[in-house]
$ cat data_28.cif   # mmCIF, N, CA and C atoms
data_run
loop_
_atom_site.label_atom_id
_atom_site.label_comp_id
_atom_site.auth_asym_id
_atom_site.auth_seq_id
_atom_site.Cartn_x
_atom_site.Cartn_y
_atom_site.Cartn_z
N MET I 48 6.31 -5.62 -63.58
CA MET I 48 6.40 -4.17 -63.65
C MET I 48 6.79 -3.73 -65.06
N CYS I 49 7.78 -4.40 -65.63
CA CYS I 49 8.26 -4.03 -66.96
C CYS I 49 7.18 -4.27 -68.02
N PHE I 50 6.39 -5.33 -67.85
CA PHE I 50 5.33 -5.61 -68.81
C PHE I 50 4.25 -4.54 -68.76
N CYS I 51 3.98 -4.00 -67.57
CA CYS I 51 2.95 -2.96 -67.44
C CYS I 51 3.34 -1.70 -68.19
N ILE I 52 4.60 -1.34 -68.14
CA ILE I 52 5.06 -0.15 -68.85
C ILE I 52 4.96 -0.38 -70.36
N GLY I 53 5.35 -1.56 -70.80
CA GLY I 53 5.28 -1.89 -72.23
C GLY I 53 3.85 -1.88 -72.75
N TYR I 54 2.93 -2.47 -71.98
CA TYR I 54 1.53 -2.46 -72.38
C TYR I 54 0.96 -1.05 -72.36
N GLY I 55 1.39 -0.24 -71.41
CA GLY I 55 0.93 1.15 -71.35
C GLY I 55 1.37 1.95 -72.56
N VAL I 56 2.62 1.77 -72.98
CA VAL I 56 3.13 2.46 -74.17
C VAL I 56 2.39 1.96 -75.42
N LEU I 57 2.17 0.67 -75.51
CA LEU I 57 1.43 0.11 -76.64
C LEU I 57 0.01 0.67 -76.70
N PHE I 58 -0.67 0.73 -75.56
CA PHE I 58 -2.04 1.25 -75.51
C PHE I 58 -2.07 2.73 -75.89
N ALA I 59 -1.14 3.52 -75.38
CA ALA I 59 -1.11 4.96 -75.67
C ALA I 59 -0.85 5.21 -77.16
N SER I 60 0.08 4.46 -77.75
CA SER I 60 0.36 4.66 -79.17
C SER I 60 -0.81 4.18 -80.03
N TRP I 61 -1.49 3.13 -79.62
CA TRP I 61 -2.66 2.66 -80.35
C TRP I 61 -3.78 3.71 -80.31
N MET I 62 -4.02 4.29 -79.13
CA MET I 62 -5.07 5.29 -79.00
C MET I 62 -4.75 6.55 -79.81
N PHE I 63 -3.48 6.95 -79.85
CA PHE I 63 -3.09 8.10 -80.64
C PHE I 63 -3.33 7.84 -82.12
N THR I 64 -3.03 6.63 -82.56
CA THR I 64 -3.25 6.27 -83.97
C THR I 64 -4.74 6.27 -84.30
N LEU I 65 -5.57 5.76 -83.40
CA LEU I 65 -7.01 5.73 -83.65
C LEU I 65 -7.63 7.12 -83.65
N ARG I 66 -7.00 8.07 -82.99
CA ARG I 66 -7.51 9.44 -82.90
C ARG I 66 -6.87 10.38 -83.92
N SER I 67 -6.01 9.87 -84.76
CA SER I 67 -5.38 10.69 -85.80
C SER I 67 -6.30 10.76 -87.02
N VAL I 68 -6.55 11.97 -87.49
CA VAL I 68 -7.45 12.17 -88.62
C VAL I 68 -6.66 11.96 -89.91
N ARG I 69 -7.18 11.09 -90.75
CA ARG I 69 -6.54 10.82 -92.04
C ARG I 69 -7.06 11.78 -93.10
N TYR I 70 -8.38 11.93 -93.18
CA TYR I 70 -9.04 12.84 -94.12
C TYR I 70 -10.15 13.57 -93.38
N LEU I 71 -10.40 14.79 -93.81
CA LEU I 71 -11.51 15.58 -93.31
C LEU I 71 -12.26 16.07 -94.53
N ILE I 72 -13.50 15.62 -94.71
CA ILE I 72 -14.25 15.89 -95.93
C ILE I 72 -15.53 16.64 -95.57
N LEU I 73 -15.68 17.83 -96.14
CA LEU I 73 -16.91 18.59 -95.97
C LEU I 73 -17.92 18.08 -97.00
N ARG I 74 -19.07 17.65 -96.52
CA ARG I 74 -20.09 17.07 -97.40
C ARG I 74 -20.90 18.15 -98.10
N ARG I 75 -21.53 17.77 -99.18
CA ARG I 75 -22.34 18.69 -99.97
C ARG I 75 -23.43 19.31 -99.10
N GLY I 76 -23.61 20.59 -99.24
CA GLY I 76 -24.57 21.33 -98.44
C GLY I 76 -23.90 22.04 -97.27
N GLY I 77 -22.74 21.57 -96.86
CA GLY I 77 -21.98 22.22 -95.81
C GLY I 77 -22.48 22.01 -94.40
N ASN I 78 -23.38 21.05 -94.19
CA ASN I 78 -23.91 20.81 -92.85
C ASN I 78 -23.26 19.63 -92.15
N GLU I 79 -22.57 18.78 -92.88
CA GLU I 79 -21.93 17.61 -92.30
C GLU I 79 -20.48 17.53 -92.74
N VAL I 80 -19.68 16.90 -91.91
CA VAL I 80 -18.29 16.65 -92.22
C VAL I 80 -18.02 15.17 -91.97
N SER I 81 -17.25 14.56 -92.83
CA SER I 81 -16.83 13.17 -92.65
C SER I 81 -15.41 13.17 -92.09
N VAL I 82 -15.24 12.52 -90.97
CA VAL I 82 -13.93 12.40 -90.34
C VAL I 82 -13.46 10.97 -90.57
N VAL I 83 -12.39 10.84 -91.32
CA VAL I 83 -11.83 9.52 -91.63
C VAL I 83 -10.58 9.35 -90.78
N THR I 84 -10.58 8.31 -89.95
CA THR I 84 -9.45 8.03 -89.08
C THR I 84 -8.89 6.65 -89.42
N TYR I 85 -7.74 6.39 -88.87
CA TYR I 85 -7.13 5.07 -89.05
C TYR I 85 -7.84 4.07 -88.15
N ALA I 86 -7.85 2.84 -88.57
CA ALA I 86 -8.43 1.75 -87.80
C ALA I 86 -7.43 0.59 -87.81
N PRO I 87 -7.62 -0.38 -86.95
CA PRO I 87 -6.68 -1.50 -86.92
C PRO I 87 -6.63 -2.25 -88.26
N PHE I 88 -5.48 -2.77 -88.56
CA PHE I 88 -5.24 -3.64 -89.71
C PHE I 88 -5.40 -2.92 -91.05
N GLY I 89 -5.08 -1.62 -91.09
CA GLY I 89 -5.02 -0.89 -92.35
C GLY I 89 -6.34 -0.42 -92.92
N THR I 90 -7.41 -0.54 -92.18
CA THR I 90 -8.70 -0.08 -92.69
C THR I 90 -8.95 1.36 -92.22
N ASN I 91 -10.01 1.96 -92.72
CA ASN I 91 -10.40 3.31 -92.33
C ASN I 91 -11.68 3.26 -91.53
N ARG I 92 -11.83 4.22 -90.65
CA ARG I 92 -13.06 4.38 -89.89
C ARG I 92 -13.65 5.73 -90.29
N ILE I 93 -14.89 5.75 -90.74
CA ILE I 93 -15.52 6.97 -91.24
C ILE I 93 -16.68 7.34 -90.33
N MET I 94 -16.67 8.59 -89.87
CA MET I 94 -17.76 9.10 -89.05
C MET I 94 -18.34 10.32 -89.74
N ASP I 95 -19.64 10.31 -89.99
CA ASP I 95 -20.33 11.48 -90.52
C ASP I 95 -20.91 12.23 -89.33
N VAL I 96 -20.45 13.48 -89.15
CA VAL I 96 -20.80 14.27 -87.98
C VAL I 96 -21.38 15.60 -88.45
N PRO I 97 -22.47 16.06 -87.85
CA PRO I 97 -22.95 17.41 -88.17
C PRO I 97 -21.88 18.45 -87.83
N LEU I 98 -21.76 19.45 -88.64
CA LEU I 98 -20.73 20.46 -88.47
C LEU I 98 -20.86 21.20 -87.14
N LYS I 99 -22.08 21.33 -86.64
CA LYS I 99 -22.27 22.04 -85.37
C LYS I 99 -21.73 21.25 -84.17
N TYR I 100 -21.39 19.97 -84.35
CA TYR I 100 -20.82 19.15 -83.28
C TYR I 100 -19.31 19.06 -83.34
N VAL I 101 -18.67 19.83 -84.22
CA VAL I 101 -17.22 19.80 -84.39
C VAL I 101 -16.64 21.15 -83.97
N SER I 102 -15.61 21.11 -83.13
CA SER I 102 -14.99 22.34 -82.66
C SER I 102 -13.47 22.19 -82.67
N ALA I 103 -12.80 23.08 -83.38
CA ALA I 103 -11.34 23.10 -83.37
C ALA I 103 -10.89 23.87 -82.14
N GLN I 104 -9.91 23.36 -81.43
CA GLN I 104 -9.45 24.00 -80.21
C GLN I 104 -8.43 25.09 -80.47
N GLU I 105 -7.80 25.08 -81.63
CA GLU I 105 -6.86 26.12 -82.03
C GLU I 105 -7.10 26.46 -83.49
N SER I 106 -6.67 27.63 -83.88
CA SER I 106 -6.76 27.98 -85.30
C SER I 106 -5.60 27.32 -86.04
N ARG I 107 -5.73 27.27 -87.33
CA ARG I 107 -4.70 26.64 -88.15
C ARG I 107 -3.38 27.41 -88.06
N GLU I 108 -3.46 28.73 -87.96
CA GLU I 108 -2.25 29.55 -87.89
C GLU I 108 -1.54 29.42 -86.55
N ALA I 109 -2.31 29.22 -85.47
CA ALA I 109 -1.72 29.15 -84.13
C ALA I 109 -1.13 27.78 -83.82
N ALA I 110 -1.60 26.75 -84.49
CA ALA I 110 -1.14 25.39 -84.20
C ALA I 110 0.23 25.16 -84.80
N ARG I 111 1.07 24.45 -84.07
CA ARG I 111 2.42 24.16 -84.56
C ARG I 111 2.51 22.78 -85.20
N VAL I 112 2.08 21.76 -84.48
CA VAL I 112 2.23 20.40 -84.98
C VAL I 112 0.87 19.77 -85.31
N THR I 113 -0.06 19.87 -84.39
CA THR I 113 -1.39 19.28 -84.58
C THR I 113 -2.47 20.26 -84.15
N VAL I 114 -3.65 20.08 -84.72
CA VAL I 114 -4.83 20.84 -84.30
C VAL I 114 -5.75 19.86 -83.59
N PRO I 115 -6.00 20.07 -82.29
CA PRO I 115 -6.95 19.20 -81.60
C PRO I 115 -8.38 19.55 -82.00
N ILE I 116 -9.15 18.55 -82.35
CA ILE I 116 -10.54 18.73 -82.76
C ILE I 116 -11.42 17.94 -81.81
N LYS I 117 -12.39 18.63 -81.23
CA LYS I 117 -13.32 17.98 -80.33
C LYS I 117 -14.62 17.71 -81.06
N ILE I 118 -15.12 16.49 -80.93
CA ILE I 118 -16.40 16.09 -81.51
C ILE I 118 -17.33 15.77 -80.35
N LYS I 119 -18.52 16.35 -80.41
CA LYS I 119 -19.49 16.17 -79.33
C LYS I 119 -19.81 14.69 -79.13
N ASN I 120 -19.95 14.30 -77.88
CA ASN I 120 -20.27 12.93 -77.45
C ASN I 120 -19.15 11.94 -77.75
N ARG I 121 -17.94 12.41 -77.95
CA ARG I 121 -16.76 11.55 -78.09
C ARG I 121 -15.83 11.85 -76.93
N ALA I 122 -15.20 10.82 -76.38
CA ALA I 122 -14.46 10.96 -75.13
C ALA I 122 -13.21 11.83 -75.27
N LEU I 123 -12.40 11.62 -76.26
CA LEU I 123 -11.12 12.32 -76.36
C LEU I 123 -11.11 13.22 -77.60
N PHE I 124 -10.03 13.97 -77.73
CA PHE I 124 -9.85 14.83 -78.89
C PHE I 124 -9.32 14.01 -80.06
N TYR I 125 -9.63 14.45 -81.26
CA TYR I 125 -9.03 13.93 -82.47
C TYR I 125 -7.95 14.92 -82.89
N VAL I 126 -6.88 14.44 -83.50
CA VAL I 126 -5.78 15.33 -83.86
C VAL I 126 -5.63 15.37 -85.37
N LEU I 127 -5.45 16.58 -85.87
CA LEU I 127 -5.26 16.83 -87.29
C LEU I 127 -3.84 17.32 -87.47
N ASP I 128 -3.05 16.58 -88.22
CA ASP I 128 -1.63 16.89 -88.40
C ASP I 128 -1.46 18.10 -89.32
N MET I 129 -0.65 19.05 -88.91
CA MET I 129 -0.45 20.26 -89.70
C MET I 129 0.46 20.02 -90.91
N ARG I 130 1.16 18.91 -90.94
CA ARG I 130 2.01 18.62 -92.10
C ARG I 130 1.21 18.08 -93.28
N GLY I 131 -0.08 17.85 -93.06
CA GLY I 131 -0.94 17.37 -94.14
C GLY I 131 -1.27 18.47 -95.12
N GLU I 132 -2.05 18.12 -96.12
CA GLU I 132 -2.38 19.06 -97.18
C GLU I 132 -3.77 19.66 -96.93
N PHE I 133 -3.85 20.97 -96.89
CA PHE I 133 -5.11 21.69 -96.80
C PHE I 133 -5.40 22.21 -98.20
N THR I 134 -6.30 21.56 -98.92
CA THR I 134 -6.54 21.95 -100.31
C THR I 134 -7.31 23.25 -100.43
N ASN I 135 -8.17 23.55 -99.46
CA ASN I 135 -8.93 24.80 -99.48
C ASN I 135 -8.88 25.39 -98.07
N THR I 136 -7.90 26.23 -97.81
CA THR I 136 -7.67 26.73 -96.45
C THR I 136 -8.80 27.62 -95.96
N LYS I 137 -9.35 28.46 -96.83
CA LYS I 137 -10.45 29.33 -96.40
C LYS I 137 -11.68 28.53 -96.01
N LEU I 138 -11.99 27.50 -96.77
CA LEU I 138 -13.13 26.65 -96.46
C LEU I 138 -12.94 25.96 -95.12
N TYR I 139 -11.75 25.46 -94.86
CA TYR I 139 -11.46 24.83 -93.56
C TYR I 139 -11.62 25.85 -92.43
N ASP I 140 -11.04 27.03 -92.61
CA ASP I 140 -11.06 28.05 -91.56
C ASP I 140 -12.47 28.49 -91.19
N TYR I 141 -13.37 28.54 -92.17
CA TYR I 141 -14.73 29.02 -91.92
C TYR I 141 -15.72 27.91 -91.59
N THR I 142 -15.31 26.66 -91.63
CA THR I 142 -16.23 25.57 -91.31
C THR I 142 -15.70 24.77 -90.13
N VAL I 143 -14.78 23.87 -90.35
CA VAL I 143 -14.26 22.99 -89.31
C VAL I 143 -13.31 23.73 -88.37
N GLY I 144 -12.60 24.70 -88.87
CA GLY I 144 -11.60 25.39 -88.08
C GLY I 144 -12.12 26.36 -87.04
N LEU I 145 -13.43 26.48 -86.91
CA LEU I 145 -14.01 27.39 -85.92
C LEU I 145 -14.10 26.74 -84.55
N SER I 146 -13.96 27.56 -83.53
CA SER I 146 -14.15 27.08 -82.16
C SER I 146 -15.61 27.30 -81.78
N ARG I 147 -16.30 26.22 -81.47
CA ARG I 147 -17.71 26.29 -81.12
C ARG I 147 -17.91 25.84 -79.69
N LYS I 148 -18.97 26.31 -79.10
CA LYS I 148 -19.34 25.83 -77.76
C LYS I 148 -20.22 24.60 -77.94
N LEU I 149 -19.71 23.45 -77.51
CA LEU I 149 -20.47 22.21 -77.63
C LEU I 149 -21.21 21.97 -76.33
N LYS I 150 -22.51 21.90 -76.41
CA LYS I 150 -23.33 21.72 -75.19
C LYS I 150 -23.65 20.28 -74.98
#
$ encode --input "data_28.cif" --output "structure tokens"
Amino acid sequence: MCFCIGYGVLFASWMFTLRSVRYLILRRGGNEVSVVTYAPFGTNRIMDVPLKYVSAQESREAARVTVPIKIKNRALFYVLDMRGEFTNTKLYDYTVGLSRKLK
């Protein structure tokens, strides 16, 4: 019983780490965004996603700790930490920070 709880906590913390966004890069032309997340053993995982497949669930102003970001055809939400640096807030708000209907 005790091992199951420990493995559950380990799995949950691992999944949260894999879903944490390290960098969010808007690509030239403004049609794609690169989502860089953490991966096991200190490496990065990079996904190039069309901007129309990315939807922020909250605005930057309304979020307190994290902004959940949904990417089409991905099972769970990705989280963007609000303590990070937003170098161009207007660009984020008008591109990735929009709530879109993902079909």
$ resolve_selection --input "data_28.cif" --expression "the PyMOL selection byres ((chain I and resi 107) around 8)" --output "CSV table (one decimal) with N, CA and C atoms, in the coordinates of the input"
chain,number,residue,atom,x,y,z
I,104,GLN,N,-9.9,23.4,-81.4
I,104,GLN,CA,-9.4,24.0,-80.2
I,104,GLN,C,-8.4,25.1,-80.5
I,105,GLU,N,-7.8,25.1,-81.6
I,105,GLU,CA,-6.9,26.1,-82.0
I,105,GLU,C,-7.1,26.5,-83.5
I,106,SER,N,-6.7,27.6,-83.9
I,106,SER,CA,-6.8,28.0,-85.3
I,106,SER,C,-5.6,27.3,-86.0
I,108,GLU,N,-3.5,28.7,-88.0
I,108,GLU,CA,-2.2,29.6,-87.9
I,108,GLU,C,-1.5,29.4,-86.6
I,109,ALA,N,-2.3,29.2,-85.5
I,109,ALA,CA,-1.7,29.2,-84.1
I,109,ALA,C,-1.1,27.8,-83.8
I,110,ALA,N,-1.6,26.8,-84.5
I,110,ALA,CA,-1.1,25.4,-84.2
I,110,ALA,C,0.2,25.2,-84.8
I,111,ARG,N,1.1,24.4,-84.1
I,111,ARG,CA,2.4,24.2,-84.6
I,111,ARG,C,2.5,22.8,-85.2
I,113,THR,N,-0.1,19.9,-84.4
I,113,THR,CA,-1.4,19.3,-84.6
I,113,THR,C,-2.5,20.3,-84.2
I,114,VAL,N,-3.6,20.1,-84.7
I,114,VAL,CA,-4.8,20.8,-84.3
I,114,VAL,C,-5.8,19.9,-83.6
I,129,MET,N,-0.6,19.0,-88.9
I,129,MET,CA,-0.4,20.3,-89.7
I,129,MET,C,0.5,20.0,-90.9
I,139,TYR,N,-11.8,25.5,-94.9
I,139,TYR,CA,-11.5,24.8,-93.6
I,139,TYR,C,-11.6,25.8,-92.4
I,140,ASP,N,-11.0,27.0,-92.6
I,140,ASP,CA,-11.1,28.0,-91.6
I,140,ASP,C,-12.5,28.5,-91.2
I,144,GLY,N,-12.6,24.7,-88.9
I,144,GLY,CA,-11.6,25.4,-88.1
I,144,GLY,C,-12.1,26.4,-87.0
I,145,LEU,N,-13.4,26.5,-86.9
I,145,LEU,CA,-14.0,27.4,-85.9
I,145,LEU,C,-14.1,26.7,-84.6
$ residues_around --input "data_28.cif" --residues "Lys119 of chain I" --least-positions-apart "6" --cutoff "8 Å" --atoms "all atoms listed in the file" --output "PyMOL selection string"
chain I and resi 99-102+149-150
$ atom_distance --input "data_28.cif" --atom1 "atom C of Tyr85 of chain I" --atom2 "atom C of Tyr125 of chain I"
12.1 Å
$ closest_residue --input "data_28.cif" --among "I:Leu98, I:Leu127, I:Phe50, I:Ser67" --to "Val83 of chain I" --atoms "all atoms listed in the file"
I:Ser67
$ closest_residue --input "data_28.cif" --among "I:Gly53, I:Glu132, I:Val80, I:Thr90" --to "Ile118 of chain I" --atoms "only C-alpha atoms"
I:Val80
$ select_by_dssp --input "data_28.cif" --residues "chain I" --states "strand (DSSP E or B)" --output "PyMOL selection string"
chain I and resi 67-73+79-85+91-97+101-103+113-118+125-128
$ residues_around --input "data_28.cif" --residues "Asp95 of chain I" --least-positions-apart "4" --cutoff "7 Å" --atoms "all atoms listed in the file" --output "list in words"
Glu79, Val80, Ser81 and Val82 of chain I
$ atom_distance --input "data_28.cif" --atom1 "atom CA of Leu57 of chain I" --atom2 "atom N of Lys117 of chain I"
23.6 Å
$ closest_residue --input "data_28.cif" --among "I:Leu123, I:Met94, I:Cys49, I:Leu138" --to "Arg66 of chain I" --atoms "all atoms listed in the file"
I:Leu123
$ select_by_dssp --input "data_28.cif" --residues "chain I" --states "helix (DSSP H, G or I)" --output "PyMOL selection string"
chain I and resi 49-65+87-89+98-100+136-141
$ atom_distance --input "data_28.cif" --atom1 "atom CA of Tyr141 of chain I" --atom2 "atom CA of Ala122 of chain I"
24.7 Å
